[in-house]
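As provided, work13.pdb (PDB, C-alpha atoms and all ligand atoms) reads as follows.
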```pdb
ATOM      1  CA  MET A   4       0.000   0.000   0.000
ATOM      2  CA  SER A   5       1.617   3.263  -0.987
ATOM      3  CA  SER A   6       0.877   6.588   0.681
ATOM      4  CA  THR A   7       0.309  10.106  -0.644
ATOM      5  CA  LYS A   8       1.847  11.603   2.517
ATOM      6  CA  THR A   9       5.236  11.755   0.822
ATOM      7  CA  ALA A  10       4.070  12.066  -2.787
ATOM      8  CA  GLU A  11       5.875  13.955  -5.556
ATOM      9  CA  SER A  12       5.205  17.691  -5.882
ATOM     10  CA  ALA A  13       3.852  19.383  -9.012
ATOM     11  CA  LEU A  14       7.426  20.574  -9.628
ATOM     12  CA  TRP A  15       8.864  17.075  -9.514
ATOM     13  CA  LYS A  16       6.033  15.716 -11.673
ATOM     14  CA  LEU A  17       7.149  18.179 -14.335
ATOM     15  CA  ILE A  18      10.846  17.334 -13.902
ATOM     16  CA  ASN A  19      10.223  13.585 -13.997
ATOM     17  CA  THR A  20       8.323  13.921 -17.280
ATOM     18  CA  SER A  21      10.832  16.295 -18.923
ATOM     19  CA  CYS A  22      14.444  16.233 -17.645
ATOM     20  CA  ILE A  23      14.711  12.985 -15.646
ATOM     21  CA  THR A  24      12.596  10.626 -17.736
ATOM     22  CA  LEU A  25      13.301   6.902 -17.441
ATOM     23  CA  ASP A  26      14.703   6.730 -20.993
ATOM     24  CA  LYS A  27      17.306   9.422 -20.144
ATOM     25  CA  ILE A  28      18.668   7.484 -17.170
ATOM     26  CA  GLN A  29      19.133   4.124 -18.875
ATOM     27  CA  ASP A  30      22.683   4.990 -19.782
ATOM     28  CA  LEU A  31      25.153   6.509 -17.277
ATOM     29  CA  ASN A  32      27.696   7.580 -19.946
ATOM     30  CA  ASP A  33      27.320  11.342 -19.695
ATOM     31  CA  PHE A  34      24.355  12.033 -17.428
ATOM     32  CA  LYS A  35      26.351  14.370 -15.171
ATOM     33  CA  SER A  36      26.882  16.820 -18.058
ATOM     34  CA  SER A  37      23.306  16.601 -19.306
ATOM     35  CA  ASP A  38      19.793  17.781 -18.455
ATOM     36  CA  VAL A  39      19.489  14.946 -15.922
ATOM     37  CA  ASN A  40      22.166  16.285 -13.558
ATOM     38  CA  PHE A  41      21.323  19.913 -14.355
ATOM     39  CA  ARG A  42      18.082  19.215 -12.451
ATOM     40  CA  ILE A  43      19.812  17.320  -9.634
ATOM     41  CA  ALA A  44      23.133  18.611  -8.396
ATOM     42  CA  LEU A  45      24.481  21.220 -10.816
ATOM     43  CA  TRP A  46      23.033  24.186 -12.734
ATOM     44  CA  ASN A  47      23.538  24.127 -16.486
ATOM     45  CA  PRO A  48      26.754  26.103 -17.061
ATOM     46  CA  GLN A  49      25.768  26.767 -20.683
ATOM     47  CA  THR A  50      23.480  29.426 -19.279
ATOM     48  CA  ASN A  51      25.666  30.362 -16.317
ATOM     49  CA  GLY A  52      29.129  30.220 -17.863
ATOM     50  CA  MET A  53      31.464  27.218 -18.241
ATOM     51  CA  ARG A  54      34.492  29.440 -17.716
ATOM     52  CA  TYR A  55      33.164  30.777 -14.413
ATOM     53  CA  LEU A  56      32.206  27.336 -13.197
ATOM     54  CA  LYS A  57      35.652  25.886 -13.914
ATOM     55  CA  THR A  58      37.344  28.927 -12.385
ATOM     56  CA  LEU A  59      35.247  28.571  -9.262
ATOM     57  CA  ILE A  60      36.015  24.847  -8.970
ATOM     58  CA  TYR A  61      39.722  25.557  -9.486
ATOM     59  CA  ASN A  62      39.761  28.207  -6.763
ATOM     60  CA  LEU A  63      37.889  25.980  -4.348
ATOM     61  CA  CYS A  64      40.419  23.204  -5.021
ATOM     62  CA  ALA A  65      43.258  25.590  -4.237
ATOM     63  CA  GLU A  66      41.697  26.297  -0.829
ATOM     64  CA  LEU A  67      40.843  22.721   0.150
ATOM     65  CA  SER A  68      42.203  21.736   3.531
ATOM     66  CA  PRO A  69      44.538  18.697   3.579
ATOM     67  CA  GLN A  70      41.774  16.760   5.349
ATOM     68  CA  ASN A  71      39.208  17.560   2.649
ATOM     69  CA  ARG A  72      41.737  16.739  -0.067
ATOM     70  CA  ASP A  73      42.179  13.379   1.594
ATOM     71  CA  ARG A  74      38.387  12.874   1.835
ATOM     72  CA  LEU A  75      38.041  13.623  -1.877
ATOM     73  CA  SER A  76      40.772  11.206  -2.893
ATOM     74  CA  LYS A  77      39.079   8.401  -0.953
ATOM     75  CA  ILE A  78      35.963   8.733  -3.159
ATOM     76  CA  LYS A  79      36.764   6.481  -6.126
ATOM     77  CA  ASN A  80      35.020   6.455  -9.540
ATOM     78  CA  ARG A  81      33.938  10.107  -9.390
ATOM     79  CA  ASN A  82      34.488  10.330 -13.153
ATOM     80  CA  VAL A  83      31.496   8.067 -13.933
ATOM     81  CA  GLY A  84      28.929  10.142 -15.857
ATOM     82  CA  GLU A  85      31.523  12.556 -17.306
ATOM     83  CA  PRO A  86      31.315  15.421 -14.778
ATOM     84  CA  ILE A  87      32.520  18.930 -15.638
ATOM     85  CA  SER A  88      35.907  18.855 -13.903
ATOM     86  CA  VAL A  89      39.221  20.613 -13.504
ATOM     87  CA  ASN A  90      42.509  18.884 -12.790
ATOM     88  CA  TYR A  91      44.088  19.956  -9.553
ATOM     89  CA  ASP A  92      47.111  18.429  -7.904
ATOM     90  CA  GLY A  93      46.772  15.193  -9.851
ATOM     91  CA  GLN A  94      43.061  14.592  -9.380
ATOM     92  CA  ALA A  95      40.011  15.461 -11.478
ATOM     93  CA  VAL A  96      37.569  17.446  -9.335
ATOM     94  CA  CYS A  97      33.950  18.450 -10.006
ATOM     95  CA  MET A  98      31.586  20.698  -8.039
ATOM     96  CA  ASP A  99      29.289  17.880  -6.896
ATOM     97  CA  TYR A 100      31.975  16.095  -4.900
ATOM     98  CA  LEU A 101      33.529  19.328  -3.616
ATOM     99  CA  GLN A 102      30.125  19.912  -2.063
ATOM    100  CA  GLY A 103      30.198  16.325  -0.833
ATOM    101  CA  VAL A 104      33.377  16.910   1.164
ATOM    102  CA  TYR A 105      32.116  20.233   2.573
ATOM    103  CA  GLU A 106      28.950  18.461   3.724
ATOM    104  CA  ILE A 107      30.931  15.645   5.374
ATOM    105  CA  GLU A 108      33.296  18.174   6.964
ATOM    106  CA  PHE A 109      30.396  20.018   8.618
ATOM    107  CA  ILE A 110      28.626  16.850   9.761
ATOM    108  CA  ALA A 111      31.805  15.128  10.986
ATOM    109  CA  ASP A 112      32.769  18.217  13.008
ATOM    110  CA  HIS A 113      29.708  17.563  15.172
ATOM    111  CA  LEU A 114      28.815  13.877  14.829
ATOM    112  CA  HIS A 115      30.621  10.570  14.797
ATOM    113  CA  LEU A 116      29.438   9.084  11.493
ATOM    114  CA  ASP A 117      30.990   5.639  11.929
ATOM    115  CA  ASP A 118      28.475   2.968  12.989
ATOM    116  CA  MET A 119      25.485   5.160  12.158
ATOM    117  CA  ASN A 120      22.278   4.069  10.458
ATOM    118  CA  ILE A 121      21.647   6.929   8.030
ATOM    119  CA  ILE A 122      18.554   7.830   6.022
ATOM    120  CA  GLU A 123      18.736  10.344   3.169
ATOM    121  CA  ILE A 124      15.583  11.907   1.712
ATOM    122  CA  GLY A 125      16.035  12.944  -1.932
ATOM    123  CA  ALA A 126      19.489  11.642  -2.893
ATOM    124  CA  GLY A 127      19.597  12.608  -6.592
ATOM    125  CA  TYR A 128      22.159  10.311  -8.215
ATOM    126  CA  GLY A 129      23.671   9.378  -4.835
ATOM    127  CA  ARG A 130      26.750  11.628  -4.567
ATOM    128  CA  THR A 131      26.334  12.146  -0.799
ATOM    129  CA  CYS A 132      25.880   8.431  -0.126
ATOM    130  CA  HIS A 133      28.963   7.716  -2.273
ATOM    131  CA  SER A 134      30.991  10.379  -0.409
ATOM    132  CA  ILE A 135      29.975   9.268   3.083
ATOM    133  CA  LEU A 136      30.377   5.526   2.486
ATOM    134  CA  SER A 137      33.825   6.124   0.984
ATOM    135  CA  ASN A 138      34.936   7.988   4.105
ATOM    136  CA  HIS A 139      33.099   6.384   7.028
ATOM    137  CA  LEU A 140      32.250   2.902   8.224
ATOM    138  CA  VAL A 141      28.524   3.524   8.543
ATOM    139  CA  LYS A 142      26.241   0.614   9.445
ATOM    140  CA  SER A 143      23.522   1.249   6.853
ATOM    141  CA  TYR A 144      22.452   3.949   4.398
ATOM    142  CA  THR A 145      18.802   4.181   3.357
ATOM    143  CA  ILE A 146      17.819   6.330   0.382
ATOM    144  CA  VAL A 147      14.211   7.536   0.156
ATOM    145  CA  ASP A 148      13.328   9.076  -3.185
ATOM    146  CA  LEU A 149      10.875   9.370  -6.063
ATOM    147  CA  PRO A 150      11.048   6.422  -8.488
ATOM    148  CA  ASN A 151      13.147   8.021 -11.272
ATOM    149  CA  CYS A 152      15.972   9.320  -9.087
ATOM    150  CA  LEU A 153      15.770   6.117  -7.048
ATOM    151  CA  GLU A 154      16.477   4.131 -10.201
ATOM    152  CA  LEU A 155      19.277   6.551 -11.146
ATOM    153  CA  SER A 156      20.989   6.358  -7.732
ATOM    154  CA  HIS A 157      20.599   2.590  -7.714
ATOM    155  CA  ARG A 158      22.273   2.248 -11.116
ATOM    156  CA  TYR A 159      24.956   4.815 -10.251
ATOM    157  CA  LEU A 160      25.861   3.410  -6.834
ATOM    158  CA  MET A 161      26.039  -0.105  -8.310
ATOM    159  CA  GLU A 162      28.705   1.220 -10.636
ATOM    160  CA  VAL A 163      30.767   3.333  -8.228
ATOM    161  CA  LEU A 164      30.591   1.566  -4.837
ATOM    162  CA  SER A 165      32.435  -1.547  -3.715
ATOM    163  CA  ASP A 166      30.199  -4.622  -3.173
ATOM    164  CA  GLU A 167      30.685  -4.264   0.573
ATOM    165  CA  ASN A 168      29.493  -0.646   0.631
ATOM    166  CA  LEU A 169      26.668  -1.310  -1.835
ATOM    167  CA  SER A 170      25.320  -4.008   0.464
ATOM    168  CA  LYS A 171      24.760  -1.322   3.132
ATOM    169  CA  VAL A 172      22.452   0.746   0.912
ATOM    170  CA  ASN A 173      18.659   0.326   0.946
ATOM    171  CA  PHE A 174      16.490   1.992  -1.686
ATOM    172  CA  ILE A 175      12.970   2.973  -0.571
ATOM    173  CA  LYS A 176      10.255   4.629  -2.642
ATOM    174  CA  ALA A 177       9.033   7.849  -0.995
ATOM    175  CA  THR A 178       5.484   6.516  -1.003
ATOM    176  CA  ASP A 179       6.610   3.459   1.011
ATOM    177  CA  LEU A 180       8.287   5.455   3.817
ATOM    178  CA  PRO A 181       5.218   5.796   6.082
ATOM    179  CA  GLU A 182       5.137   1.996   6.275
ATOM    180  CA  MET A 183       8.588   1.951   7.869
ATOM    181  CA  GLU A 184       7.145   2.714  11.300
ATOM    182  CA  MET A 185       9.443   0.287  13.082
ATOM    183  CA  ARG A 186      12.718   1.677  11.722
ATOM    184  CA  HIS A 187      14.890   4.062  13.707
ATOM    185  CA  PHE A 188      17.802   6.039  12.264
ATOM    186  CA  ASP A 189      20.715   7.840  13.893
ATOM    187  CA  LEU A 190      20.882  10.557  11.255
ATOM    188  CA  CYS A 191      18.575  11.908   8.540
ATOM    189  CA  ILE A 192      20.089  13.923   5.672
ATOM    190  CA  ASN A 193      18.228  16.294   3.374
ATOM    191  CA  ILE A 194      20.191  18.281   0.801
ATOM    192  CA  ASP A 195      18.551  20.563  -1.719
ATOM    193  CA  SER A 196      15.231  18.796  -1.839
ATOM    194  CA  PHE A 197      12.843  20.021   0.908
ATOM    195  CA  ALA A 198      12.763  23.342  -0.990
ATOM    196  CA  GLU A 199      11.291  21.527  -3.995
ATOM    197  CA  MET A 200       8.396  19.779  -2.268
ATOM    198  CA  GLU A 201       4.931  21.056  -1.388
ATOM    199  CA  PRO A 202       4.960  22.560   2.148
ATOM    200  CA  GLN A 203       2.700  19.813   3.551
ATOM    201  CA  ILE A 204       5.045  17.091   2.240
ATOM    202  CA  VAL A 205       8.008  18.789   3.971
ATOM    203  CA  GLN A 206       5.958  18.867   7.182
ATOM    204  CA  ASN A 207       5.140  15.147   6.815
ATOM    205  CA  TYR A 208       8.841  14.368   6.457
ATOM    206  CA  LEU A 209       9.732  16.546   9.472
ATOM    207  CA  ASP A 210       7.074  14.695  11.502
ATOM    208  CA  TYR A 211       8.613  11.384  10.421
ATOM    209  CA  ILE A 212      12.107  12.614  11.367
ATOM    210  CA  ALA A 213      10.888  13.895  14.747
ATOM    211  CA  CYS A 214       9.658  10.373  15.609
ATOM    212  CA  HIS A 215      12.216   8.139  13.910
ATOM    213  CA  CYS A 216      15.623   9.876  13.954
ATOM    214  CA  ASN A 217      18.129  11.193  16.489
ATOM    215  CA  TYR A 218      19.798  13.834  14.310
ATOM    216  CA  LEU A 219      18.903  15.833  11.208
ATOM    217  CA  TYR A 220      21.383  17.425   8.811
ATOM    218  CA  VAL A 221      19.649  19.802   6.422
ATOM    219  CA  LYS A 222      21.172  21.922   3.658
ATOM    220  CA  ASN A 223      18.812  23.953   1.507
ATOM    221  CA  PRO A 224      18.234  27.472   0.141
ATOM    222  CA  VAL A 225      17.073  30.116   2.626
ATOM    223  CA  GLY A 226      14.438  31.373   0.167
ATOM    224  CA  LYS A 227      13.559  32.091  -3.458
ATOM    225  CA  TYR A 228      14.965  34.572  -5.974
ATOM    226  CA  LYS A 229      13.945  36.389  -9.133
ATOM    227  CA  ASP A 230      17.236  37.928 -10.266
ATOM    228  CA  PRO A 231      16.912  39.169 -13.881
ATOM    229  CA  SER A 232      20.706  39.471 -14.145
ATOM    230  CA  LEU A 233      21.020  35.702 -13.941
ATOM    231  CA  ASN A 234      19.339  35.593 -17.335
ATOM    232  CA  ILE A 235      17.517  32.403 -16.552
ATOM    233  CA  MET A 236      15.258  31.286 -19.363
ATOM    234  CA  PRO A 237      13.791  28.013 -18.155
ATOM    235  CA  LYS A 238      10.266  27.013 -18.946
ATOM    236  CA  GLU A 239       8.140  29.786 -17.399
ATOM    237  CA  ASN A 240       5.777  27.346 -15.687
ATOM    238  CA  GLU A 241       8.732  25.710 -13.885
ATOM    239  CA  VAL A 242       9.670  29.079 -12.347
ATOM    240  CA  SER A 243       6.172  29.796 -11.078
ATOM    241  CA  ILE A 244       5.797  26.280  -9.673
ATOM    242  CA  ALA A 245       9.262  26.468  -8.041
ATOM    243  CA  LEU A 246       8.385  29.756  -6.310
ATOM    244  CA  ASN A 247       5.536  27.957  -4.542
ATOM    245  CA  MET A 248       7.551  24.982  -3.324
ATOM    246  CA  GLY A 249       8.979  24.421   0.131
ATOM    247  CA  VAL A 250       8.429  26.076   3.472
ATOM    248  CA  LEU A 251      10.728  29.078   2.794
ATOM    249  CA  ARG A 252       9.163  31.099  -0.002
ATOM    250  CA  ASP A 253      10.343  34.688   0.686
ATOM    251  CA  VAL A 254      12.000  36.228  -2.377
ATOM    252  CA  LEU A 255      15.368  37.742  -1.482
ATOM    253  CA  ASP A 256      18.501  39.081  -3.091
ATOM    254  CA  ILE A 257      20.541  35.908  -2.925
ATOM    255  CA  HIS A 258      23.790  37.775  -3.524
ATOM    256  CA  ASN A 259      23.362  40.014  -0.511
ATOM    257  CA  SER A 260      24.963  38.443   2.577
ATOM    258  CA  SER A 261      22.859  40.491   5.049
ATOM    259  CA  GLU A 262      19.640  39.291   3.441
ATOM    260  CA  VAL A 263      20.893  35.711   3.422
ATOM    261  CA  ILE A 264      21.857  35.892   7.108
ATOM    262  CA  ASN A 265      18.473  37.433   8.013
ATOM    263  CA  HIS A 266      16.664  34.629   6.203
ATOM    264  CA  SER A 267      18.817  31.985   7.862
ATOM    265  CA  ILE A 268      16.852  32.667  11.062
ATOM    266  CA  LYS A 269      13.666  31.550   9.305
ATOM    267  CA  PHE A 270      15.550  28.557   7.919
ATOM    268  CA  LEU A 271      16.560  27.426  11.400
ATOM    269  CA  ALA A 272      12.985  27.676  12.681
ATOM    270  CA  ALA A 273      11.444  26.009   9.623
ATOM    271  CA  TYR A 274      13.558  22.841   9.625
ATOM    272  CA  LYS A 275      13.498  22.111  13.360
ATOM    273  CA  PRO A 276      11.563  18.821  13.327
ATOM    274  CA  ASP A 277       9.553  19.768  16.429
ATOM    275  CA  ASP A 278       9.771  21.929  19.553
ATOM    276  CA  GLN A 279      11.598  19.280  21.500
ATOM    277  CA  TRP A 280      14.506  19.212  19.060
ATOM    278  CA  ILE A 281      17.633  21.294  19.662
ATOM    279  CA  LEU A 282      19.859  23.119  17.190
ATOM    280  CA  VAL A 283      23.436  21.773  17.391
ATOM    281  CA  ALA A 284      25.175  23.943  14.775
ATOM    282  CA  ASP A 285      24.519  25.959  11.647
ATOM    283  CA  SER A 286      26.445  27.885   9.016
ATOM    284  CA  TRP A 287      26.447  29.207   5.501
ATOM    285  CA  ALA A 288      26.855  26.261   3.090
ATOM    286  CA  ARG A 289      29.491  27.241   0.573
ATOM    287  CA  PRO A 290      29.865  27.726  -2.338
ATOM    288  CA  TRP A 291      26.335  28.909  -3.260
ATOM    289  CA  SER A 292      25.578  32.227  -1.574
ATOM    290  CA  TYR A 293      22.044  31.447  -0.375
ATOM    291  CA  TYR A 294      22.386  27.894   0.960
ATOM    292  CA  TRP A 295      22.376  27.308   4.682
ATOM    293  CA  GLN A 296      23.098  24.132   6.638
ATOM    294  CA  ALA A 297      22.162  22.981  10.120
ATOM    295  CA  ILE A 298      22.303  19.980  12.428
ATOM    296  CA  TYR A 299      19.525  19.403  14.960
ATOM    297  CA  ARG A 300      19.235  16.726  17.605
ATOM    298  CA  ARG A 301      16.318  15.159  19.394
ATOM    299  CA  SER A 302      16.238  16.205  23.030
ATOM    300  CA  GLU A 303      16.906  13.486  25.587
ATOM    301  CA  ASN A 304      13.461  14.066  27.116
ATOM    302  CA  HIS A 305      11.641  13.678  23.785
ATOM    303  CA  ASP A 306       8.623  11.349  24.138
TER     304      ASP A 306
HETATM  305  C1  LIG A 401      17.690  18.841  -6.616
HETATM  306  S1  LIG A 401      17.763  17.106  -6.296
HETATM  307  C2  LIG A 401      19.038  17.066  -5.038
HETATM  308  C3  LIG A 401      19.696  15.715  -4.975
HETATM  309  C4  LIG A 401      20.852  15.527  -3.974
HETATM  310  N1  LIG A 401      20.424  15.701  -2.597
HETATM  311  C5  LIG A 401      22.020  16.432  -4.305
HETATM  312  O1  LIG A 401      22.180  17.464  -3.619
HETATM  313  O2  LIG A 401      22.764  16.108  -5.233
HETATM  314  C6  LIG A 401      16.236  16.808  -5.361
HETATM  315  C7  LIG A 401      16.010  15.366  -4.948
HETATM  316  O3  LIG A 401      14.823  15.309  -4.142
HETATM  317  C8  LIG A 401      13.987  14.246  -4.621
HETATM  318  N2  LIG A 401      12.577  14.505  -4.259
HETATM  319  C9  LIG A 401      11.743  15.456  -4.740
HETATM  320  N3  LIG A 401      10.520  15.331  -4.171
HETATM  321  C10 LIG A 401      10.579  14.282  -3.306
HETATM  322  C11 LIG A 401       9.654  13.644  -2.414
HETATM  323  N4  LIG A 401       8.378  14.047  -2.333
HETATM  324  N5  LIG A 401      10.087  12.608  -1.659
HETATM  325  C12 LIG A 401      11.388  12.158  -1.747
HETATM  326  N6  LIG A 401      12.296  12.719  -2.571
HETATM  327  C13 LIG A 401      11.905  13.768  -3.348
HETATM  328  C14 LIG A 401      14.261  14.219  -6.127
HETATM  329  O4  LIG A 401      13.818  13.016  -6.740
HETATM  330  C15 LIG A 401      15.780  14.402  -6.119
HETATM  331  O5  LIG A 401      16.425  13.176  -5.827
END
```

How does the structure come out when it is put into structure tokens?
Ligand SMILES: C[S@@+](CC[C@H](N)C(=O)[O-])C[C@H]1O[C@@H](n2cnc3c(N)ncnc32)[C@H](O)[C@@H]1O
Amino acid sequence: MSSTKTAESALWKLINTSCITLDKIQDLNDFKSSDVNFRIALWNPQTNGMRYLKTLIYNLCAELSPQNRDRLSKIKNRNVGEPISVNYDGQAVCMDYLQGVYEIEFIADHLHLDDMNIIEIGAGYGRTCHSILSNHLVKSYTIVDLPNCLELSHRYLMEVLSDENLSKVNFIKATDLPEMEMRHFDLCINIDSFAEMEPQIVQNYLDYIACHCNYLYVKNPVGKYKDPSLNIMPKENEVSIALNMGVLRDVLDIHNSSEVINHSIKFLAAYKPDDQWILVADSWARPWSYYWQAIYRRSENHD
């Protein structure tokens, strides 16, 4: 029996029938440089500037700490799917996995990831799962997603992970999550996907997390934007649908740090699973100006 409590939003219905159709994910050859990944982890640089993207990646590589460099080199097979990369210090590096190591750095500064049972809601092609399993001896990693991305992450992780790590990954359809009443997880991860769901669906997930998890790591935009200088020409209906998604719908100047910081206060309130949860840490989530990240924990007295 599947449930509508975690169903796909109007936005994701559109995406799953245009950019991430099943026929486009049959072949992993170049999906990271195509429409598929431009709706998952990376904006299309054709519209935003290949030169700027590569320059940004290069500069971020130059500033990587030795520990993050080491984390990156432990993630094998990052070249699958032909990512847009630069070569730095002997390794090919793309933006998706740079973000992966920043995410791990923030989480690992506050939590001991080894031995955890992790659940990730909305994993895209699975870059975060790949990054974490390559760096930590987690017990299990459960991915909850809509069917198309679930198939993509399944196919991708089969190709990039060792058999031992793959055996730790469970793939669950979003509509089947409410049936997992008996499961308990140490950590839930949500990156760049609550902002693309209808507000009630986000609330349903937060209710699930409040009951079934000990920690939540969330990284998402602090609000929406309508910046004409970005020259975005996507399908007009996708913009209007996107503006109505998520629980943070204020339009702000995303390249104004004061506005971003002001909106981070709303972010921290919106993603707290319930009143008995406690904020552990939060910060700006580089490199995108308007992304924030936070870790919350369930209070010891939670019923
Ligand atoms: C923009 S992608 C981000 C993917 C990944 N976290 C990353 O940062 O690379 C959004 C993800 O959320 C998933 N998603 C959207 N609506 C969902 C829902 N109702 N339940 C579960 N996953 C959902 C999409 O299928 C996709 O995997």

State, in Å with one decimal place, the distance from atom CA of A:Phe188 to atom CA of A:Ser286.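 Calculated distance between atom CA of A:Phe188 and atom CA of A:Ser286 is 23.7 Å.
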
Could you tell me, counting only C-alpha atoms and all ligand atoms, which protein and nucleic acid residues lie no more than 7 Å from ligand LIG 401 (chain A), written as a PyMOL selection string? chain A and resi 9-12+15+42-44+99+124-131+147-149+151-152+177+193-196+199-200+204

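When all atoms listed in the file are used to measure the gap to A:Asp278, the shortest distance among A:Thr24, A:Ser292, A:Ser302, A:Asn120 belongs to A:Ser302.
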
Applied to the shown file, which residues does the PyMOL selection byres (((chain A and resi 77) around 12) and not hetatm) return, written as a count of residues only? 23

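Pairwise distance (atom CA of A:Tyr228, atom CA of A:Arg252) equals 9.0 Å.
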
Point-to-point distance from atom CA of A:Leu233 to atom CA of A:Leu101, Å rounded to tenths: 23.0 Å

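When the PyMOL selection byres (((chain A and resi 290) around 10) and not hetatm) is evaluated on the file shown here, the picked residues come out as Leu59, Ile60, Leu63, Met98, Leu101, Gln102, Tyr105, Trp287, Ala288, Arg289, Trp291, Ser292, Tyr293 and Tyr294 of chain A.
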
Skip stretch 45-47 of chain A itself and residues of its chain fewer than 5 positions away, then list as an MDAnalysis selection string all residues within 10 Å of it, counting all atoms listed in the file. chainID A and resid 35:40 52:53 56 86:87 97:99

Identify the residues within 9 Å of coordinate (17.1, 11.0, 12.6) (same frame as the file), considering only C-alpha atoms, and give the answer as a JSON list (two decimals) with C-alpha atoms, in the frame of the given file.
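The result, stored in result-v7.json:
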```
[["chain", "number", "residue", "atom", "x", "y", "z"],
["A", 120, "ASN", "CA", 22.28, 4.07, 10.46],
["A", 121, "ILE", "CA", 21.65, 6.93, 8.03],
["A", 122, "ILE", "CA", 18.55, 7.83, 6.02],
["A", 187, "HIS", "CA", 14.89, 4.06, 13.71],
["A", 188, "PHE", "CA", 17.80, 6.04, 12.26],
["A", 189, "ASP", "CA", 20.72, 7.84, 13.89],
["A", 190, "LEU", "CA", 20.88, 10.56, 11.26],
["A", 191, "CYS", "CA", 18.58, 11.91, 8.54],
["A", 192, "ILE", "CA", 20.09, 13.92, 5.67],
["A", 211, "TYR", "CA", 8.61, 11.38, 10.42],
["A", 212, "ILE", "CA", 12.11, 12.61, 11.37],
["A", 213, "ALA", "CA", 10.89, 13.90, 14.75],
["A", 214, "CYS", "CA", 9.66, 10.37, 15.61],
["A", 215, "HIS", "CA", 12.22, 8.14, 13.91],
["A", 216, "CYS", "CA", 15.62, 9.88, 13.95],
["A", 217, "ASN", "CA", 18.13, 11.19, 16.49],
["A", 218, "TYR", "CA", 19.80, 13.83, 14.31],
["A", 219, "LEU", "CA", 18.90, 15.83, 11.21],
["A", 220, "TYR", "CA", 21.38, 17.42, 8.81],
["A", 300, "ARG", "CA", 19.24, 16.73, 17.60],
["A", 301, "ARG", "CA", 16.32, 15.16, 19.39]]
```

With all atoms listed in the file counted, which protein, DNA or RNA residues have an atom no more than 12 Å from (18.6, 33.7, -0.1) in the file frame? Please answer as a short mmCIF file (atom, residue, chain, number, x, y, z; two decimals) with C-alpha atoms, in the coordinates of the input.
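Once written, selection_23.cif looks like this:
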```cif
data_model
loop_
_atom_site.label_atom_id
_atom_site.label_comp_id
_atom_site.auth_asym_id
_atom_site.auth_seq_id
_atom_site.Cartn_x
_atom_site.Cartn_y
_atom_site.Cartn_z
CA ALA A 198 12.76 23.34 -0.99
CA ASN A 223 18.81 23.95 1.51
CA PRO A 224 18.23 27.47 0.14
CA VAL A 225 17.07 30.12 2.63
CA GLY A 226 14.44 31.37 0.17
CA LYS A 227 13.56 32.09 -3.46
CA TYR A 228 14.96 34.57 -5.97
CA LYS A 229 13.94 36.39 -9.13
CA ASP A 230 17.24 37.93 -10.27
CA LEU A 251 10.73 29.08 2.79
CA ARG A 252 9.16 31.10 0.00
CA ASP A 253 10.34 34.69 0.69
CA VAL A 254 12.00 36.23 -2.38
CA LEU A 255 15.37 37.74 -1.48
CA ASP A 256 18.50 39.08 -3.09
CA ILE A 257 20.54 35.91 -2.92
CA HIS A 258 23.79 37.78 -3.52
CA ASN A 259 23.36 40.01 -0.51
CA SER A 260 24.96 38.44 2.58
CA SER A 261 22.86 40.49 5.05
CA GLU A 262 19.64 39.29 3.44
CA VAL A 263 20.89 35.71 3.42
CA ILE A 264 21.86 35.89 7.11
CA ASN A 265 18.47 37.43 8.01
CA HIS A 266 16.66 34.63 6.20
CA SER A 267 18.82 31.98 7.86
CA ILE A 268 16.85 32.67 11.06
CA LYS A 269 13.67 31.55 9.30
CA PHE A 270 15.55 28.56 7.92
CA TRP A 287 26.45 29.21 5.50
CA ALA A 288 26.86 26.26 3.09
CA TRP A 291 26.34 28.91 -3.26
CA SER A 292 25.58 32.23 -1.57
CA TYR A 293 22.04 31.45 -0.38
CA TYR A 294 22.39 27.89 0.96
CA TRP A 295 22.38 27.31 4.68
#
```

Residues near A:Leu14, anyone? I mean within 9 Å using only C-alpha atoms, not counting same-chain ones fewer than 4 positions away, as a compact mmCIF listing (two decimals) with C-alpha atoms, in the coordinates of the input.
```txt
# COMPACT_ATOMS: atom_id res chain seq x y z
CA ILE A 18 10.85 17.33 -13.90
CA ASN A 19 10.22 13.58 -14.00
CA GLU A 199 11.29 21.53 -4.00
CA MET A 200 8.40 19.78 -2.27
CA GLU A 201 4.93 21.06 -1.39
CA GLU A 241 8.73 25.71 -13.88
CA ILE A 244 5.80 26.28 -9.67
CA ALA A 245 9.26 26.47 -8.04
CA MET A 248 7.55 24.98 -3.32
```

Translate the PyMOL selection byres (((chain A and resi 172) around 8) and not hetatm), as applied to the file shown, into an explicit residue set as a VMD selection string. chain A and resid 143 to 146 168 to 171 173 to 174

Written selection (C-alpha atoms) as a CSV table (one decimal), in the frame of the given file:
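Below is the file again-v8.csv, written as the result:
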```csv
chain,number,residue,atom,x,y,z
A,143,SER,CA,23.5,1.2,6.9
A,144,TYR,CA,22.5,3.9,4.4
A,145,THR,CA,18.8,4.2,3.4
A,146,ILE,CA,17.8,6.3,0.4
A,168,ASN,CA,29.5,-0.6,0.6
A,169,LEU,CA,26.7,-1.3,-1.8
A,170,SER,CA,25.3,-4.0,0.5
A,171,LYS,CA,24.8,-1.3,3.1
A,173,ASN,CA,18.7,0.3,0.9
A,174,PHE,CA,16.5,2.0,-1.7
```

Residue nearest A:Val83 - candidates A:Met161, A:Met119, A:Leu67, A:Cys132, atoms counted: all atoms listed in the file: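 Of all the options, A:Met161 lies closest to A:Val83.
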
Using the file's own x, y and z axes, so that the box edges lie along x, y and z, what centre and edge lengths in Å (one decimal) does a box around every listed atom of stretch 196-210 of chain A get when 5 Å is added on each side? Give it as AutoDock Vina command-line options.
```
--center_x 9.0 --center_y 18.9 --center_z 3.8 --size_x 22.5 --size_y 19.0 --size_z 25.5
```
